[in-house]
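Single-structure report; data block below.
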Amino acid sequence: MSCYLRNLKGVLAKADLTPATKQERKEIDLAIRALVVSEGEKCPRVWQRVKVFLAEPGGEDRLVAVLKERRGG
């Protein structure tokens with residue numbers, strides 16, 4: 001589900017998110033997947049695409065904005 005979230009601690013901190021439960025991690029995972037891949041991709045493929053997305057100019061800021069919007073902030 002969210003094997004790559006541990007690699008996004010900085011992004012999650014910027015979005016003021018600290019997922020403590022499996023449900024919270026799943027919600028973040030779904031938000032990220034909606035942004036970078038089609039449904040059904042395996043975790044390693046998602047992480048690969050997230051890395052590419054973050055390398056794009058403004059990618060990290062866009063991801064932070066999506067995560068903040070998803071949590072209602």
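Each chain in the structure tokens gets a letter, A, B, ..., in the order shown, and its residues are numbered from 1; ligands are numbered from 1 in order too.
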Just list the residues in chain A DSSP gives helix (DSSP H, G or I) on the backbone, as a PDB file with C-alpha atoms, in the first residue's frame.
```pdb
ATOM      1  CA  LEU A   5       5.739   6.950   2.550  1.00  0.00           C
ATOM      2  CA  ARG A   6       8.762   6.592   4.822  1.00  0.00           C
ATOM      3  CA  ASN A   7      10.747   8.296   2.050  1.00  0.00           C
ATOM      4  CA  LEU A   8       8.389  11.284   2.049  1.00  0.00           C
ATOM      5  CA  LYS A   9       8.842  12.412   5.654  1.00  0.00           C
ATOM      6  CA  GLY A  10       9.968  15.879   4.550  1.00  0.00           C
ATOM      7  CA  VAL A  11       7.019  16.320   2.208  1.00  0.00           C
ATOM      8  CA  LEU A  12       4.576  15.066   4.829  1.00  0.00           C
ATOM      9  CA  ALA A  13       6.071  17.447   7.396  1.00  0.00           C
ATOM     10  CA  LYS A  14       5.633  20.381   4.992  1.00  0.00           C
ATOM     11  CA  LYS A  22      -3.196   2.526   8.626  1.00  0.00           C
ATOM     12  CA  GLN A  23      -6.264   4.431   7.416  1.00  0.00           C
ATOM     13  CA  GLU A  24      -4.406   7.765   7.430  1.00  0.00           C
ATOM     14  CA  ARG A  25      -1.516   6.238   5.468  1.00  0.00           C
ATOM     15  CA  LYS A  26      -3.985   4.741   2.995  1.00  0.00           C
ATOM     16  CA  GLU A  27      -5.637   8.139   2.435  1.00  0.00           C
ATOM     17  CA  ILE A  28      -2.263   9.750   1.751  1.00  0.00           C
ATOM     18  CA  ASP A  29      -1.303   6.884  -0.530  1.00  0.00           C
ATOM     19  CA  LEU A  30      -4.517   7.269  -2.523  1.00  0.00           C
ATOM     20  CA  ALA A  31      -4.002  11.027  -2.886  1.00  0.00           C
ATOM     21  CA  ILE A  32      -0.472  10.492  -4.161  1.00  0.00           C
ATOM     22  CA  ARG A  33      -1.517   7.714  -6.508  1.00  0.00           C
ATOM     23  CA  ALA A  34      -4.273   9.916  -7.954  1.00  0.00           C
ATOM     24  CA  LEU A  35      -1.641  12.519  -8.743  1.00  0.00           C
ATOM     25  CA  VAL A  36       1.107  10.388 -10.269  1.00  0.00           C
ATOM     26  CA  CYS A  43       4.135   0.166  -4.705  1.00  0.00           C
ATOM     27  CA  PRO A  44       7.631   0.204  -6.284  1.00  0.00           C
ATOM     28  CA  ARG A  45       6.197   1.631  -9.511  1.00  0.00           C
ATOM     29  CA  VAL A  46       4.349   4.335  -7.565  1.00  0.00           C
ATOM     30  CA  TRP A  47       7.546   5.308  -5.737  1.00  0.00           C
ATOM     31  CA  GLN A  48       9.410   5.449  -9.051  1.00  0.00           C
ATOM     32  CA  ARG A  49       6.835   7.852 -10.446  1.00  0.00           C
ATOM     33  CA  VAL A  50       6.759   9.922  -7.241  1.00  0.00           C
ATOM     34  CA  LYS A  51      10.526  10.429  -7.482  1.00  0.00           C
ATOM     35  CA  VAL A  52      10.160  11.664 -11.067  1.00  0.00           C
ATOM     36  CA  PHE A  53       7.282  13.924 -10.036  1.00  0.00           C
ATOM     37  CA  LEU A  54       9.299  15.414  -7.164  1.00  0.00           C
ATOM     38  CA  ALA A  55      12.247  16.069  -9.481  1.00  0.00           C
ATOM     39  CA  GLY A  59       6.786  19.073  -8.001  1.00  0.00           C
ATOM     40  CA  GLU A  60       7.311  18.975  -4.256  1.00  0.00           C
ATOM     41  CA  ASP A  61       5.248  22.135  -3.745  1.00  0.00           C
ATOM     42  CA  ARG A  62       2.431  20.683  -5.866  1.00  0.00           C
ATOM     43  CA  LEU A  63       2.468  17.450  -3.878  1.00  0.00           C
ATOM     44  CA  VAL A  64       2.395  19.349  -0.586  1.00  0.00           C
ATOM     45  CA  ALA A  65      -0.549  21.416  -1.861  1.00  0.00           C
ATOM     46  CA  VAL A  66      -2.473  18.295  -2.911  1.00  0.00           C
ATOM     47  CA  LEU A  67      -1.886  16.663   0.461  1.00  0.00           C
ATOM     48  CA  LYS A  68      -2.940  19.795   2.352  1.00  0.00           C
ATOM     49  CA  GLU A  69      -6.083  20.066   0.221  1.00  0.00           C
ATOM     50  CA  ARG A  70      -6.875  16.400   0.792  1.00  0.00           C
ATOM     51  CA  ARG A  71      -6.782  16.846   4.562  1.00  0.00           C
TER      52      ARG A  71
END
```
